[in-house]
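S.K.: This is start.cif (mmCIF, C-alpha atoms).
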```cif
data_coords
#
loop_
_atom_site.label_atom_id
_atom_site.label_comp_id
_atom_site.auth_asym_id
_atom_site.auth_seq_id
_atom_site.Cartn_x
_atom_site.Cartn_y
_atom_site.Cartn_z
CA MET A 1 -34.48 65.00 -40.71
CA ILE A 2 -37.12 63.70 -38.29
CA LEU A 3 -36.56 60.16 -39.53
CA TYR A 4 -32.81 60.65 -39.05
CA GLU A 5 -33.31 61.90 -35.47
CA ASN A 6 -35.62 58.98 -34.71
CA LYS A 7 -33.00 56.48 -35.84
CA ARG A 8 -30.41 58.17 -33.64
CA LYS A 9 -32.71 57.84 -30.62
CA LYS A 10 -33.57 54.24 -31.49
CA LEU A 11 -29.90 53.27 -31.67
CA ILE A 12 -29.21 54.90 -28.30
CA ARG A 13 -32.16 52.94 -26.86
CA VAL A 14 -30.75 49.70 -28.28
CA LEU A 15 -27.39 50.49 -26.68
CA LYS A 16 -29.03 51.41 -23.37
CA TRP A 17 -30.42 47.87 -23.16
CA GLY A 18 -26.82 46.85 -22.39
CA ASN A 19 -25.71 45.97 -25.92
CA ASN A 20 -22.06 46.92 -26.35
CA PRO A 21 -21.02 46.48 -30.03
CA PHE A 22 -17.42 45.69 -29.06
CA LYS A 23 -17.92 43.46 -26.03
CA LYS A 24 -17.65 40.26 -28.06
CA PHE A 25 -14.45 41.14 -29.87
CA VAL A 26 -12.17 39.20 -27.54
CA SER A 27 -10.84 36.69 -30.02
CA THR A 28 -10.14 33.13 -28.88
CA GLY A 29 -9.44 29.88 -30.65
CA GLU A 30 -12.84 28.53 -29.56
CA ILE A 31 -15.15 31.45 -30.41
CA ARG A 32 -15.44 31.99 -34.15
CA GLU A 33 -14.55 35.48 -35.30
CA GLU A 34 -16.33 36.55 -38.49
CA LEU A 35 -14.91 40.07 -38.71
CA GLY A 36 -12.46 40.47 -41.59
CA LEU A 37 -8.84 41.54 -41.20
CA ALA A 38 -7.79 45.19 -41.56
CA LYS A 39 -6.92 46.27 -45.10
CA SER A 40 -3.30 46.94 -44.17
CA ARG A 41 -2.97 43.21 -43.41
CA GLU A 42 -4.44 41.88 -46.64
CA ASN A 43 -0.98 41.38 -48.14
CA LEU A 44 0.01 39.31 -45.11
CA ILE A 45 -2.95 36.97 -45.67
CA LYS A 46 -2.14 36.65 -49.38
CA THR A 47 1.48 35.80 -48.55
CA ILE A 48 0.42 33.09 -46.09
CA GLU A 49 -2.07 31.66 -48.58
CA GLN A 50 0.64 31.49 -51.24
CA ILE A 51 3.04 29.68 -48.90
CA VAL A 52 0.37 27.17 -47.90
CA LYS A 53 -0.53 26.43 -51.54
CA GLU A 54 3.06 26.06 -52.73
CA ASP A 55 4.59 24.07 -49.88
CA LYS A 56 3.83 21.42 -47.25
CA ASN A 57 5.38 20.33 -43.98
CA PHE A 58 6.74 23.71 -43.01
CA ILE A 59 6.77 25.91 -39.92
CA LEU A 60 5.73 29.48 -40.59
CA PRO A 61 6.46 31.92 -37.73
CA ILE A 62 4.14 34.91 -37.33
CA ILE A 63 5.65 37.53 -35.03
CA GLY A 64 3.44 40.04 -33.30
CA ASP A 65 3.43 41.67 -29.88
CA VAL A 66 0.62 41.22 -27.34
CA GLY A 67 -2.71 42.55 -28.56
CA ARG A 68 -1.88 42.73 -32.25
CA GLY A 69 -4.53 40.20 -33.19
CA LYS A 70 -2.71 36.89 -33.65
CA THR A 71 -5.78 34.84 -32.69
CA HIS A 72 -7.97 36.98 -34.94
CA LEU A 73 -5.48 36.20 -37.72
CA TYR A 74 -6.25 32.50 -37.17
CA TRP A 75 -9.95 33.02 -37.83
CA THR A 76 -9.22 35.05 -40.95
CA LEU A 77 -6.98 32.29 -42.26
CA LYS A 78 -9.52 29.61 -41.39
CA ASN A 79 -12.18 31.50 -43.34
CA SER A 80 -9.94 32.14 -46.36
CA LEU A 81 -8.32 28.68 -46.44
CA TYR A 82 -11.66 26.91 -46.24
CA ARG A 83 -10.44 23.96 -48.34
CA TYR A 84 -7.96 23.07 -45.60
CA ASN A 85 -8.64 21.56 -42.21
CA THR A 86 -7.25 24.42 -40.11
CA PHE A 87 -7.32 24.00 -36.35
CA TYR A 88 -6.04 25.98 -33.38
CA ILE A 89 -4.25 25.14 -30.16
CA SER A 90 -2.77 27.31 -27.44
CA LEU A 91 0.23 25.70 -25.80
CA GLU A 92 -0.61 27.51 -22.60
CA TYR A 93 -3.55 25.18 -22.04
CA ILE A 94 -2.79 21.80 -23.64
CA TYR A 95 0.59 20.82 -22.22
CA LYS A 96 -1.09 17.88 -20.43
CA LYS A 97 -2.31 15.00 -22.63
CA PHE A 98 -0.66 16.80 -25.53
CA PHE A 99 -1.36 14.36 -28.38
CA TYR A 100 -4.87 13.63 -27.13
CA ASN A 101 -5.74 17.32 -26.96
CA ILE A 102 -4.37 17.97 -30.42
CA TYR A 103 -6.30 14.98 -31.77
CA SER A 104 -9.50 16.25 -30.13
CA GLU A 105 -9.10 19.69 -31.72
CA PHE A 106 -8.32 18.10 -35.09
CA ILE A 107 -11.42 15.88 -35.00
CA GLU A 108 -13.68 18.72 -33.88
CA ASN A 109 -12.61 20.75 -36.90
CA LEU A 110 -12.57 17.81 -39.31
CA GLU A 111 -16.15 16.80 -38.35
CA LEU A 112 -17.73 13.36 -38.70
CA ALA A 113 -18.46 13.12 -42.44
CA PRO A 114 -14.84 13.67 -43.63
CA LEU A 115 -13.63 11.35 -40.85
CA LYS A 116 -15.91 8.56 -42.12
CA PHE A 117 -14.74 9.17 -45.68
CA ILE A 118 -11.07 8.75 -44.71
CA ILE A 119 -11.52 5.58 -42.68
CA ASN A 120 -13.83 4.11 -45.32
CA ARG A 121 -11.11 4.62 -47.92
CA LEU A 122 -8.52 3.07 -45.59
CA CYS A 123 -10.67 -0.02 -45.13
CA ASP A 124 -11.12 -0.32 -48.89
CA GLU A 125 -7.33 -0.23 -49.32
CA TRP A 126 -7.02 -2.95 -46.68
CA GLY A 127 -9.36 -5.26 -48.64
CA ALA A 128 -12.86 -4.45 -47.36
CA LEU A 129 -14.32 -4.70 -50.87
CA GLU A 130 -13.28 -8.33 -51.21
CA ARG A 131 -16.22 -10.73 -50.65
CA LYS A 132 -15.78 -13.54 -48.16
CA PHE A 133 -18.42 -15.82 -49.66
CA GLY A 134 -21.76 -15.84 -51.44
CA PHE A 135 -23.60 -13.08 -53.27
CA PHE A 136 -23.81 -10.63 -50.34
CA HIS A 137 -20.87 -8.45 -49.33
CA VAL A 138 -19.40 -10.03 -46.18
CA ALA A 139 -15.86 -9.03 -45.33
CA ASP A 140 -13.26 -11.28 -43.71
CA LEU A 141 -12.37 -9.07 -40.74
CA GLU A 142 -9.31 -11.00 -39.61
CA LYS A 143 -7.87 -11.09 -43.11
CA ILE A 144 -8.37 -7.33 -43.44
CA LYS A 145 -6.76 -6.67 -40.05
CA ASN A 146 -3.74 -8.83 -40.89
CA PHE A 147 -3.24 -7.11 -44.25
CA ALA A 148 -3.64 -3.67 -42.63
CA PHE A 149 -1.11 -4.56 -39.94
CA LYS A 150 1.40 -5.65 -42.58
CA LEU A 151 0.99 -2.37 -44.48
CA LEU A 152 1.14 -0.09 -41.44
CA SER A 153 3.99 -1.89 -39.70
CA ASN A 154 6.10 -1.46 -42.84
CA LYS A 155 5.30 2.26 -43.13
CA TYR A 156 5.36 3.07 -39.41
CA SER A 157 8.01 0.65 -38.22
CA GLU A 158 8.72 2.76 -35.12
CA MET A 159 5.19 2.21 -33.78
CA GLU A 160 4.54 -0.51 -31.22
CA THR A 161 2.49 -3.57 -32.21
CA GLU A 162 -0.19 -2.84 -29.58
CA ILE A 163 -0.75 0.68 -30.93
CA LEU A 164 -1.16 -0.46 -34.54
CA THR A 165 -3.47 -3.26 -33.42
CA ASP A 166 -5.67 -0.81 -31.50
CA ILE A 167 -5.87 1.60 -34.44
CA ILE A 168 -6.72 -1.12 -36.95
CA SER A 169 -9.32 -2.72 -34.65
CA GLY A 170 -11.08 0.60 -34.08
CA ILE A 171 -11.23 1.49 -37.78
CA VAL A 172 -12.28 -1.98 -38.97
CA ALA A 173 -14.96 -2.30 -36.27
CA HIS A 174 -16.46 1.04 -37.25
CA GLN A 175 -16.59 0.24 -40.95
CA LEU A 176 -17.32 -3.47 -41.04
CA ASP A 177 -18.89 -4.63 -37.76
CA PRO A 178 -22.47 -3.31 -37.45
CA TYR A 179 -22.74 -4.55 -33.84
CA LYS A 180 -19.76 -2.48 -32.71
CA LYS A 181 -20.12 0.56 -34.98
CA ILE A 182 -21.45 2.95 -32.30
CA GLU A 183 -18.77 2.10 -29.74
CA ALA A 184 -16.06 2.25 -32.41
CA GLU A 185 -17.27 5.67 -33.52
CA ARG A 186 -17.04 6.93 -29.95
CA TRP A 187 -13.48 5.62 -29.82
CA LEU A 188 -12.58 7.34 -33.11
CA LEU A 189 -14.02 10.62 -31.87
CA GLY A 190 -11.71 10.46 -28.86
CA GLU A 191 -14.37 9.85 -26.20
CA LEU A 192 -13.23 8.34 -22.92
CA MET A 193 -14.11 4.65 -22.59
CA ASP A 194 -14.01 2.16 -19.73
CA ALA A 195 -12.32 -1.25 -19.76
CA LYS A 196 -15.52 -3.13 -20.64
CA GLU A 197 -16.21 -0.97 -23.69
CA LEU A 198 -12.62 -1.26 -24.89
CA SER A 199 -12.66 -5.03 -24.38
CA SER A 200 -15.75 -5.41 -26.59
CA LEU A 201 -13.81 -3.68 -29.39
CA LYS A 202 -10.69 -5.77 -28.69
CA ILE A 203 -8.78 -2.55 -28.04
CA SER A 204 -6.32 -2.01 -25.17
CA HIS A 205 -6.51 1.78 -24.79
CA ASP A 206 -8.66 4.71 -25.81
CA LEU A 207 -7.06 7.79 -27.36
CA ARG A 208 -6.03 9.23 -24.01
CA LYS A 209 -2.94 7.14 -24.53
CA GLY A 210 -0.69 9.62 -26.31
CA LYS A 211 0.86 7.25 -28.83
CA ASN A 212 -2.58 6.01 -29.90
CA ALA A 213 -3.72 9.60 -30.47
CA LEU A 214 -0.52 10.42 -32.38
CA MET A 215 -0.89 7.38 -34.63
CA MET A 216 -4.55 8.15 -35.40
CA LEU A 217 -3.70 11.80 -36.05
CA ARG A 218 -0.91 10.77 -38.42
CA LEU A 219 -3.07 8.24 -40.25
CA LEU A 220 -5.96 10.66 -40.76
CA ILE A 221 -3.83 13.62 -41.87
CA GLU A 222 -1.70 11.57 -44.25
CA ASN A 223 -4.81 10.03 -45.86
CA SER A 224 -6.86 13.21 -46.03
CA LYS A 225 -7.48 14.71 -49.46
CA SER A 226 -7.52 18.22 -48.02
CA GLY A 227 -4.41 19.75 -46.49
CA THR A 228 -4.09 20.26 -42.75
CA ILE A 229 -2.87 23.41 -41.01
CA LEU A 230 -2.09 23.50 -37.30
CA PHE A 231 -2.07 27.02 -35.84
CA ILE A 232 -0.07 27.06 -32.59
CA ASP A 233 -0.55 30.23 -30.56
CA ASP A 234 2.10 31.57 -28.13
CA PHE A 235 4.62 28.98 -29.25
CA GLU A 236 7.40 30.17 -26.97
CA LYS A 237 5.38 29.43 -23.82
CA ILE A 238 6.39 25.79 -23.69
CA ILE A 239 9.97 26.26 -24.85
CA SER A 240 12.49 26.96 -22.11
CA ILE A 241 13.49 30.41 -23.25
CA THR A 242 15.46 32.03 -20.52
CA GLU A 243 15.74 35.78 -20.49
CA PRO A 244 19.24 37.13 -19.75
CA LYS A 245 19.48 37.73 -16.05
CA ASP A 246 20.84 40.88 -14.47
CA GLU A 247 23.72 39.64 -12.38
CA SER A 248 23.53 42.73 -10.18
CA ALA A 249 19.88 42.18 -9.34
CA GLU A 250 19.02 40.46 -6.08
CA GLU A 251 17.72 36.94 -6.61
CA ILE A 252 14.48 36.56 -4.67
CA TYR A 253 13.94 32.98 -5.71
CA ASP A 254 16.42 30.68 -7.41
CA PRO A 255 15.02 27.31 -8.64
CA SER A 256 18.40 25.71 -8.00
CA TRP A 257 17.71 25.99 -4.25
CA LEU A 258 15.10 23.26 -4.71
CA TYR A 259 16.32 21.38 -7.77
CA GLY A 260 20.06 21.93 -7.65
CA PRO A 261 21.96 22.59 -10.86
CA GLU A 262 19.73 20.14 -12.76
CA LYS A 263 16.73 21.25 -14.82
CA SER A 264 13.55 22.21 -12.98
CA PRO A 265 10.28 20.27 -13.53
CA ASP A 266 9.05 23.12 -15.75
CA ASP A 267 12.15 22.85 -17.92
CA ILE A 268 11.74 19.07 -18.19
CA ALA A 269 8.05 19.47 -19.12
CA ALA A 270 8.99 22.03 -21.77
CA GLU A 271 11.55 19.62 -23.23
CA LYS A 272 8.94 16.87 -23.44
CA ILE A 273 6.43 19.12 -25.19
CA PHE A 274 9.10 20.28 -27.62
CA ASN A 275 9.94 16.66 -28.46
CA LYS A 276 6.25 15.95 -29.07
CA ILE A 277 5.99 18.92 -31.41
CA VAL A 278 8.97 17.57 -33.32
CA GLN A 279 7.08 14.28 -33.69
CA ILE A 280 3.94 15.87 -35.13
CA GLN A 281 6.05 17.92 -37.55
CA GLN A 282 7.02 14.69 -39.25
CA ILE A 283 3.42 13.97 -40.26
CA GLU A 284 3.21 14.20 -44.04
CA GLY A 285 0.82 16.91 -45.25
CA LEU A 286 0.79 18.85 -41.98
CA SER A 287 1.71 22.54 -42.17
CA ILE A 288 2.31 24.45 -38.94
CA ILE A 289 1.87 28.17 -38.30
CA ILE A 290 3.27 29.42 -34.99
CA THR A 291 2.86 32.78 -33.32
CA LEU A 292 5.64 34.42 -31.33
CA LYS A 293 6.03 37.73 -29.55
CA SER A 294 9.52 38.63 -30.78
CA ILE A 295 12.29 37.78 -33.21
CA ASP A 296 14.47 36.88 -30.19
CA SER A 297 12.03 34.09 -29.32
CA LEU A 298 12.33 32.74 -32.84
CA GLU A 299 16.12 32.70 -32.62
CA GLU A 300 15.94 30.76 -29.35
CA ILE A 301 13.59 28.24 -30.94
CA LYS A 302 15.92 27.82 -33.91
CA LYS A 303 18.74 27.04 -31.48
CA LYS A 304 16.52 24.41 -29.92
CA TYR A 305 15.96 22.75 -33.28
CA GLN A 306 19.66 22.93 -34.06
CA GLU A 307 20.39 21.02 -30.86
CA GLN A 308 17.69 18.37 -31.15
CA ASN A 309 16.76 17.93 -34.80
CA ALA A 310 18.82 20.02 -37.22
CA GLU A 311 17.02 18.62 -40.27
CA LEU A 312 13.74 20.23 -39.21
CA LEU A 313 15.49 23.59 -38.94
CA PHE A 314 15.27 23.89 -42.73
CA SER A 315 11.48 23.61 -42.57
CA ILE A 316 11.23 26.93 -40.70
CA LYS A 317 10.15 29.64 -43.13
CA GLU A 318 11.21 33.26 -42.99
CA ALA A 319 9.14 35.01 -40.32
CA LEU A 320 6.20 37.25 -41.20
CA PHE A 321 5.28 40.23 -39.02
CA LEU A 322 1.86 41.20 -37.71
CA LEU A 323 1.95 44.98 -37.33
CA ASP A 324 -0.30 47.39 -35.46
CA PHE A 325 -3.22 49.13 -37.17
CA ASN A 326 -2.59 52.20 -39.27
CA GLU A 327 -4.94 55.17 -38.93
CA GLU A 328 -7.24 54.12 -41.78
CA ASP A 329 -7.60 50.64 -40.27
CA ILE A 330 -9.36 51.93 -37.15
CA PHE A 331 -12.00 53.72 -39.21
CA GLU A 332 -12.63 50.64 -41.32
CA PHE A 333 -12.61 48.36 -38.25
CA TYR A 334 -15.15 50.57 -36.47
CA LYS A 335 -17.56 50.69 -39.42
CA GLU A 336 -17.29 46.95 -40.04
CA SER A 337 -17.83 46.20 -36.35
CA MET A 338 -20.93 48.39 -36.25
CA ARG A 339 -22.24 46.73 -39.41
CA CYS A 340 -21.94 43.30 -37.71
CA PHE A 341 -23.64 44.72 -34.61
CA TYR A 342 -26.58 46.06 -36.62
CA GLU A 343 -27.03 42.74 -38.41
CA ASN A 344 -26.87 40.75 -35.18
CA MET A 345 -29.43 43.05 -33.54
CA GLY A 346 -31.81 42.83 -36.51
CA ILE A 347 -31.49 46.51 -37.43
CA SER A 348 -29.62 46.24 -40.73
CA ASP A 349 -31.42 49.36 -42.00
CA PHE A 350 -29.13 51.35 -39.68
CA ILE A 351 -25.99 50.49 -41.70
CA ASN A 352 -26.25 53.55 -43.96
CA ALA A 353 -28.79 55.49 -41.93
CA PHE A 354 -26.57 58.22 -40.45
CA GLN A 355 -24.93 61.22 -42.06
CA ASN A 356 -22.00 60.59 -39.74
CA PRO A 357 -20.89 57.02 -40.65
CA TYR A 358 -19.21 56.70 -37.23
CA PHE A 359 -22.27 57.55 -35.12
CA PRO A 360 -22.60 57.54 -32.13
CA LEU A 361 -18.87 58.39 -32.15
CA ASN A 362 -17.08 60.53 -34.73
CA LYS A 363 -13.86 60.57 -36.70
CA ARG A 364 -12.10 62.86 -34.23
CA ILE A 365 -12.75 60.47 -31.32
CA LEU A 366 -11.52 57.49 -33.31
CA ARG A 367 -8.38 59.36 -34.29
CA ASN A 368 -7.73 60.17 -30.62
CA ILE A 369 -8.19 56.50 -29.72
CA PHE A 370 -5.71 55.52 -32.42
CA GLU A 371 -3.11 57.98 -31.14
CA ASN A 372 -3.58 57.01 -27.48
CA THR A 373 -3.32 53.26 -28.18
CA LYS A 374 -0.55 53.61 -30.80
CA GLY A 375 -2.60 51.42 -33.11
CA ASN A 376 -2.60 48.30 -30.93
CA PRO A 377 -5.82 46.43 -31.87
CA ARG A 378 -6.48 45.02 -28.40
CA GLU A 379 -6.06 48.42 -26.76
CA ILE A 380 -8.30 49.98 -29.40
CA ILE A 381 -11.04 47.47 -28.61
CA LYS A 382 -10.65 48.09 -24.87
CA ALA A 383 -11.00 51.84 -25.45
CA LEU A 384 -14.12 51.36 -27.58
CA ILE A 385 -15.67 49.05 -24.98
CA LYS A 386 -15.02 51.70 -22.32
CA ILE A 387 -16.64 54.51 -24.34
CA PHE A 388 -19.71 52.46 -25.22
CA ASN A 389 -20.09 51.33 -21.61
CA GLU A 390 -20.21 55.00 -20.64
CA ILE A 391 -22.83 55.66 -23.31
CA ILE A 392 -24.86 52.68 -22.09
CA TYR A 393 -24.75 53.31 -18.36
CA SER A 394 -24.45 57.09 -18.09
CA ASN A 395 -27.52 59.23 -17.39
CA GLU A 396 -25.91 62.14 -19.24
CA LYS A 397 -26.72 63.07 -22.81
CA LEU A 398 -24.57 61.57 -25.53
CA GLU A 399 -22.86 64.89 -26.32
CA ILE A 400 -21.74 65.29 -22.70
CA VAL A 401 -20.44 61.73 -22.48
CA LEU A 402 -18.34 62.19 -25.62
CA GLU A 403 -16.83 65.52 -24.53
CA ASN A 404 -14.12 63.72 -22.55
CA TYR A 405 -12.98 61.86 -25.69
CA GLU A 406 -12.94 64.70 -28.22
#
```
Would it be possible to restate this file's structure as structure tokens?
M.R.:
Amino acid sequence: MILYENKRKKLIRVLKWGNNPFKKFVSTGEIREELGLAKSRENLIKTIEQIVKEDKNFILPIIGDVGRGKTHLYWTLKNSLYRYNTFYISLEYIYKKFFYNIYSEFIENLELAPLKFIINRLCDEWGALERKFGFFHVADLEKIKNFAFKLLSNKYSEMETEILTDIISGIVAHQLDPYKKIEAERWLLGELMDAKELSSLKISHDLRKGKNALMMLRLLIENSKSGTILFIDDFEKIISITEPKDESAEEIYDPSWLYGPEKSPDDIAAEKIFNKIVQIQQIEGLSIIITLKSIDSLEEIKKKYQEQNAELLFSIKEALFLLDFNEEDIFEFYKESMRCFYENMGISDFINAFQNPYFPLNKRILRNIFENTKGNPREIIKALIKIFNEIIYSNEKLEIVLENYE
């Protein structure tokens, strides 16, 4: 019993140092989330995995209201579909330099070794293994470039000559020109380059030029041995979805005052982004998962596809729904979160140390949180952060602090 009491006091001391176990659980596409998904959502993950394994080049809508854990779902999928190159974008933040930003996210997730493997295989297909002369392996760069251009211009006939030339020059320089390898690698990784650096590679533009980034993205995905999954969060944000207006309501601001009956700049920008998404959908081997807040948003998006590219409408899968936690989920989530906290703090011996597995809280408090938040994961986390902040910063005893929550 004394040992048990000592561990209780030690945990409270660890918390009092300002360590909130739930502070970090604000999931983003940049910060990796290792915590598993709630048990009630395991079937959802299995369904997505099955779709990914059985099909390619689809759009899978995931519908879930604010705070239901759509970004956390991304990390769970990334961890479970580890054989795929799964990368995340939020359309709220990448509407400028769209193709370049997508390419940057793709490369960051692909990493350098798989990138080198793909471009090495491309060069081999273009004739890099053929000897120019003598015993040593010396490639005929111009011959390889010409053959590559012939192949790519046949397959990607819609692409401009300058774009294909840039792409081929960058890849060939990296693989076969030891004096330009470092600069070419920087170009392939999407780094910004000045005119002098580009000139030395005989390239007109770096990958900030959207069509260059799109062509590189297409070439890498279509020649990758692992599948590629693009997870697009808040998909409806860049689509011009207009909510029905209340005709009786007073209009405080009407965009037509500035822009007339024509589309506003925001609407035009949304149209451009939508067209770019349609372009990346046509990349072979690319599967797209999108998150939406409602079924109405999905219907609006389907109308958009019907208007602009009806063929792609058939690639939209039946929507899956991300539901709120059930009561058992909050108990499991709490225990798993505390386990991660103990491991991160170097006190793993605390995992099974307490008679009450929910210490310093209890089952009654967690049940109250569940009822007050109606099972919304984000609101549950906010409530837990609030309680632990009170434990950390209050001068009252733990029992007194928890009275307000029981």
S.K.: Spell out the residues picked by the PyMOL selection byres ((chain A and resi 166) around 8) here, as a VMD selection string.
M.R.: chain A and resid 162 to 165 167 to 170 202 to 205 212
S.K.: Keeping only C-alpha atoms, take the residues you just selected and write them out as a PDB file, keeping the file's coordinate frame.
M.R.:
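Result went into result.pdb, see below:
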```pdb
ATOM      1  CA  GLU A 162      -0.190  -2.840 -29.580  1.00  0.00           C
ATOM      2  CA  ILE A 163      -0.750   0.680 -30.930  1.00  0.00           C
ATOM      3  CA  LEU A 164      -1.160  -0.460 -34.540  1.00  0.00           C
ATOM      4  CA  THR A 165      -3.470  -3.260 -33.420  1.00  0.00           C
ATOM      5  CA  ILE A 167      -5.870   1.600 -34.440  1.00  0.00           C
ATOM      6  CA  ILE A 168      -6.720  -1.120 -36.950  1.00  0.00           C
ATOM      7  CA  SER A 169      -9.320  -2.720 -34.650  1.00  0.00           C
ATOM      8  CA  GLY A 170     -11.080   0.600 -34.080  1.00  0.00           C
ATOM      9  CA  LYS A 202     -10.690  -5.770 -28.690  1.00  0.00           C
ATOM     10  CA  ILE A 203      -8.780  -2.550 -28.040  1.00  0.00           C
ATOM     11  CA  SER A 204      -6.320  -2.010 -25.170  1.00  0.00           C
ATOM     12  CA  HIS A 205      -6.510   1.780 -24.790  1.00  0.00           C
ATOM     13  CA  ASN A 212      -2.580   6.010 -29.900  1.00  0.00           C
TER      14      ASN A 212
END
```
S.K.: Determine the residue set returned by the PyMOL selection byres ((chain A and resi 9-23) around 7) for the present structure, and present it as a list in words.
M.R.: Glu5, Asn6, Lys7, Arg8, Lys24, Phe25, Met338, Phe341, Ile381, Leu384, Ile385, Phe388, Asn389, Ile392 and Tyr393 of chain A
S.K.: Measure the distance from atom CA of Leu312 of chain A to atom CA of Gln281 of chain A in Å and round it to one decimal.
M.R.: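 We find that atom CA of Leu312 of chain A and atom CA of Gln281 of chain A lie 8.2 Å from each other.
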S.K.: Evaluate the PyMOL selection byres ((chain A and resi 144) around 9) and record the selected residues as an mmCIF file with C-alpha atoms, keeping the file's coordinate frame, following the chain and residue labels used in the document.
M.R.:
```
data_model
loop_
_atom_site.group_PDB
_atom_site.id
_atom_site.type_symbol
_atom_site.label_atom_id
_atom_site.label_comp_id
_atom_site.auth_asym_id
_atom_site.auth_seq_id
_atom_site.Cartn_x
_atom_site.Cartn_y
_atom_site.Cartn_z
ATOM 1 C CA CYS A 123 -10.670 -0.020 -45.130
ATOM 2 C CA TRP A 126 -7.020 -2.950 -46.680
ATOM 3 C CA GLY A 127 -9.360 -5.260 -48.640
ATOM 4 C CA ALA A 128 -12.860 -4.450 -47.360
ATOM 5 C CA ALA A 139 -15.860 -9.030 -45.330
ATOM 6 C CA ASP A 140 -13.260 -11.280 -43.710
ATOM 7 C CA LEU A 141 -12.370 -9.070 -40.740
ATOM 8 C CA GLU A 142 -9.310 -11.000 -39.610
ATOM 9 C CA LYS A 143 -7.870 -11.090 -43.110
ATOM 10 C CA LYS A 145 -6.760 -6.670 -40.050
ATOM 11 C CA ASN A 146 -3.740 -8.830 -40.890
ATOM 12 C CA PHE A 147 -3.240 -7.110 -44.250
ATOM 13 C CA ALA A 148 -3.640 -3.670 -42.630
ATOM 14 C CA PHE A 149 -1.110 -4.560 -39.940
ATOM 15 C CA VAL A 172 -12.280 -1.980 -38.970
#
```
S.K.: Could you check the closest approach to Gly210 of chain A for each of A:Phe99, A:Ser287, A:Leu189, A:Lys303 and tell me which residue wins, using all atoms listed in the file?
M.R.: A:Phe99
S.K.: So, counting only C-alpha atoms, which residue among A:Phe117, A:Tyr305, A:Tyr100, A:Phe235 is closest to Gly190 of chain A?
M.R.: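 Among the listed residues, A:Tyr100 lies closest to Gly190 of chain A.
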S.K.: Report, in Å with one decimal, the straight-line distance from atom CA of Lys209 of chain A to atom CA of Ile232 of chain A.
M.R.: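 Separation of atom CA of Lys209 of chain A and atom CA of Ile232 of chain A: 21.7 Å.
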S.K.: Which is closer to Leu73 of chain A than all the others in A:Thr291, A:Asn309, A:Asn352, A:Thr373, using only C-alpha atoms?
M.R.: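 Of A:Thr291, A:Asn309, A:Asn352, A:Thr373, the one nearest Leu73 of chain A, counting only C-alpha atoms, is A:Thr291.
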S.K.: Pick out the closest residue to Gln282 of chain A from this set: A:Lys386, A:Arg68, A:Lys56, A:Lys180. Count all atoms listed in the file.
M.R.: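 Answer, going by the shortest atom-to-atom distance: A:Lys56.
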S.K.: Just give me the gap between atom CA of Glu49 of chain A and atom CA of Leu112 of chain A in Å, one decimal is fine.
M.R.: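 Computing the Euclidean distance for atom CA of Glu49 of chain A and atom CA of Leu112 of chain A yields 26.0 Å.
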S.K.: Might you pull out every residue within 12 Å of Lys304 of chain A, with only C-alpha atoms counted and same-chain residues fewer than 3 positions away left off, and present them as number ranges by chain?
M.R.: A: 236, 238-241, 270-271, 274-275, 277-278, 297-301, 307-313
S.K.: Find the residues around Phe354 of chain A up to 10 Å (all atoms listed in the file counted), leave out those fewer than 3 positions away in its own chain, and share them as a ChimeraX atom specification.
M.R.: /A:4-5,7-8,350-351,357-360
S.K.: For Leu115 of chain A, which residue out of A:Ala184, A:Leu214, A:Leu220, A:Leu207 is the nearest one, using all atoms listed in the file?
M.R.: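 Looking at the shortest contact to Leu115 of chain A, the residue is A:Leu220.
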S.K.: Put the listed atoms of segment 90-105 of chain A in a box along x, y and z with 6 Å added on every side and give me the centre and edge lengths in Å to one decimal, as JSON.
M.R.:
```
{"center_x": -4.5, "center_y": 20.6, "center_z": -26.1, "size_x": 22.1, "size_y": 25.9, "size_z": 23.3}
```
S.K.: Pick the closest to Ile229 of chain A from A:Glu42, A:Glu284, A:Glu158, A:Glu328: which is it, counting all atoms listed in the file?
M.R.: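 Counting all atoms listed in the file, the residue closest to Ile229 of chain A is A:Glu284.
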S.K.: Considering only C-alpha atoms, return as a PyMOL selection string whatever protein or nucleic-acid residues lie within 10 Å of Lys70 of chain A, sequence-local ones (same chain, fewer than 5 positions apart) excluded.
M.R.: chain A and resi 27-28+62-65+75-76+233-234+290-293+322
